[in-house]
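> Sharing a structure with you now.
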Amino acid sequence: MRAAGGTLLAAALVIALGGAVAACDGSKPLIPHKDEEEKVGPFPAADRPVADVVSSRWSNEDARDRLREADQVMNRANIRPGMTVADIGAGEGYYTVRLAQRVGKNGRVLAEDIVAAWRDRLAERVSRERLDNVSVRLGEPADPKLPPNSFDRVLMVHMYHEIEQPYEFLWRLFPALKSDGLVVVVDANRRTKAHGTPPSLLKCEFEAVGFTQVSIQNMPSAGGYLATFRATGPRPQPAAIRPCRMPDN
């Protein structure tokens, strides 16, 4: 993945997420990382092509709502009022605004992207729509910089195949989940270069970092499938991670 430049918005556009997440300012880590966390590695490279980052909007929002895409994804991910959810690769906020409605005033949503211009547009939307339970920030390609033990769900929709360093990304994501938290991946069942991830490859890469697949189901309304993973550990040392191979078919 690659980040683009952009002017940081005024602090007023960034809505406090609360608790450990309240320090979101679009430019700094949510919490300070320990020095040893910053210096770990190196991590193995992905033994597969990585898709280019494309537009933050892969389909018209009204068309997606006619298919009940977001509702079906949130239902199958069992996202409920009061939860804290991270929307990684949030783009211009299709899922962010709908997650905000689903978790309600007692829930929290952290919307993150690595492209500053998209982050800025989403921050403007969040401010305009007065989504007081949403915080927007800029992430990094290999590190979502999420606070530990904070999220009931981490949502990644049609973006996993764009992560250049999936093992480091997942390794750093691992501690962010609560004990019963889940990572929810929506992607297409095709090769990564064609903007998808074969389910067997997805499962292998998550398991290489200490996750266990909980479920996988077809999601035609979202253009592919939905898979969920739990951090069961132990999280391996980076040198012990063995990269997975793209399946032949």
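Every chain in the structure tokens has a letter given in the order shown (A, B, ...), and although residue numbers restart at 1 in each chain, ligands are simply numbered from 1 in the order shown.
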Find the residues near Phe151 in chain A: any atom within 9 Å, counting only C-alpha atoms, skip ones fewer than 3 places away on the same chain, and give them as a ChimeraX atom specification.

/A:83-86,146-148,154,176-178,181-182

> Run DSSP on the backbone and give me the residues of range 54-202 of chain A it puts in helix (DSSP H, G or I), as an NGL selection string.

:A and (61-66 or 69-76 or 94-103 or 116-128 or 160-162 or 166-176 or 192-194 or 199-202)

> Those residues you just picked out, can you put them in a file as an mmCIF file, in the first residue's frame with C-alpha atoms?


```
data_model
loop_
_atom_site.group_PDB
_atom_site.id
_atom_site.type_symbol
_atom_site.label_atom_id
_atom_site.label_comp_id
_atom_site.auth_asym_id
_atom_site.auth_seq_id
_atom_site.Cartn_x
_atom_site.Cartn_y
_atom_site.Cartn_z
ATOM 1 C CA GLU A 61 -23.382 3.913 -2.143
ATOM 2 C CA ASP A 62 -27.042 3.845 -3.179
ATOM 3 C CA ALA A 63 -26.399 0.789 -5.346
ATOM 4 C CA ARG A 64 -24.653 -0.929 -2.443
ATOM 5 C CA ASP A 65 -27.545 -0.117 -0.121
ATOM 6 C CA ARG A 66 -30.045 -1.558 -2.609
ATOM 7 C CA GLU A 69 -24.487 -4.800 1.565
ATOM 8 C CA ALA A 70 -23.555 -3.044 4.801
ATOM 9 C CA ASP A 71 -26.555 -4.410 6.711
ATOM 10 C CA GLN A 72 -25.736 -7.973 5.706
ATOM 11 C CA VAL A 73 -22.051 -7.619 6.542
ATOM 12 C CA MET A 74 -22.783 -6.065 9.937
ATOM 13 C CA ASN A 75 -25.441 -8.705 10.673
ATOM 14 C CA ARG A 76 -23.150 -11.599 9.814
ATOM 15 C CA TYR A 94 -19.493 3.942 3.273
ATOM 16 C CA TYR A 95 -19.098 1.546 6.184
ATOM 17 C CA THR A 96 -18.047 4.158 8.724
ATOM 18 C CA VAL A 97 -21.335 6.055 8.732
ATOM 19 C CA ARG A 98 -23.373 2.853 8.833
ATOM 20 C CA LEU A 99 -21.250 1.392 11.615
ATOM 21 C CA ALA A 100 -21.798 4.596 13.593
ATOM 22 C CA GLN A 101 -25.551 4.111 13.337
ATOM 23 C CA ARG A 102 -25.320 0.423 14.250
ATOM 24 C CA VAL A 103 -23.140 0.776 17.389
ATOM 25 C CA ALA A 116 -4.394 11.426 3.590
ATOM 26 C CA ALA A 117 -6.777 12.924 1.026
ATOM 27 C CA TRP A 118 -9.357 10.195 1.656
ATOM 28 C CA ARG A 119 -8.912 10.561 5.401
ATOM 29 C CA ASP A 120 -9.514 14.300 5.102
ATOM 30 C CA ARG A 121 -12.694 13.869 3.049
ATOM 31 C CA LEU A 122 -14.008 11.335 5.548
ATOM 32 C CA ALA A 123 -13.216 13.645 8.477
ATOM 33 C CA GLU A 124 -15.231 16.370 6.755
ATOM 34 C CA ARG A 125 -18.129 13.954 6.259
ATOM 35 C CA VAL A 126 -18.021 12.842 9.891
ATOM 36 C CA SER A 127 -18.104 16.476 11.020
ATOM 37 C CA ARG A 128 -20.853 17.411 8.559
ATOM 38 C CA TYR A 160 -6.656 -6.856 2.352
ATOM 39 C CA HIS A 161 -5.132 -7.625 -1.073
ATOM 40 C CA GLU A 162 -3.620 -4.106 -1.099
ATOM 41 C CA PRO A 166 0.475 -8.574 5.496
ATOM 42 C CA TYR A 167 2.499 -10.453 8.133
ATOM 43 C CA GLU A 168 3.734 -7.295 9.837
ATOM 44 C CA PHE A 169 0.321 -5.665 9.508
ATOM 45 C CA LEU A 170 -1.483 -8.618 11.099
ATOM 46 C CA TRP A 171 1.212 -9.064 13.752
ATOM 47 C CA ARG A 172 0.780 -5.456 14.866
ATOM 48 C CA LEU A 173 -3.025 -5.716 14.645
ATOM 49 C CA PHE A 174 -3.112 -8.843 16.853
ATOM 50 C CA PRO A 175 -3.042 -7.097 20.304
ATOM 51 C CA ALA A 176 -5.813 -4.616 19.395
ATOM 52 C CA THR A 192 -4.520 -10.803 -5.333
ATOM 53 C CA LYS A 193 -3.299 -9.080 -8.490
ATOM 54 C CA ALA A 194 -6.933 -9.016 -9.646
ATOM 55 C CA PRO A 199 -9.852 -17.860 0.903
ATOM 56 C CA SER A 200 -7.179 -20.530 1.448
ATOM 57 C CA LEU A 201 -4.433 -17.896 1.161
ATOM 58 C CA LEU A 202 -6.249 -15.555 3.546
#
```

> At a cut-off of 12 Å, using only C-alpha atoms, what residues contact Ala51 in chain A? Leave out same-chain residues fewer than 2 positions from it and give the result as a list in words.

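Near Ala51 in chain A, the qualifying residues are Met1, Arg2, Ala46, Arg48, Pro49, Val53, Val54, His158, Met159, Tyr160, His161, Glu162, Ile163, Glu164, Gln165, Arg190, Arg191, Thr192, Lys193, Ala194, His195, Gly196 and Thr197 of chain A.
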
> When distances are computed from only C-alpha atoms, which of A:Val109, A:Val185, A:Val157, A:Ala231 shows the smallest separation from Gln217 in chain A?

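Result for the nearest residue to Gln217 in chain A: A:Val185.
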
> Would you work out the distance separating CA of Ile88 in chain A from CA of Ala240 in chain A, expressed in Å to one decimal?

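Atom-to-atom, CA of Ile88 in chain A and CA of Ala240 in chain A are spaced 26.2 Å apart.
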
> Quick one: distance from CA of Gly224 in chain A to CA of Asp143 in chain A in Å, one decimal?

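Spanning CA of Gly224 in chain A to CA of Asp143 in chain A is a straight-line distance of 25.3 Å.
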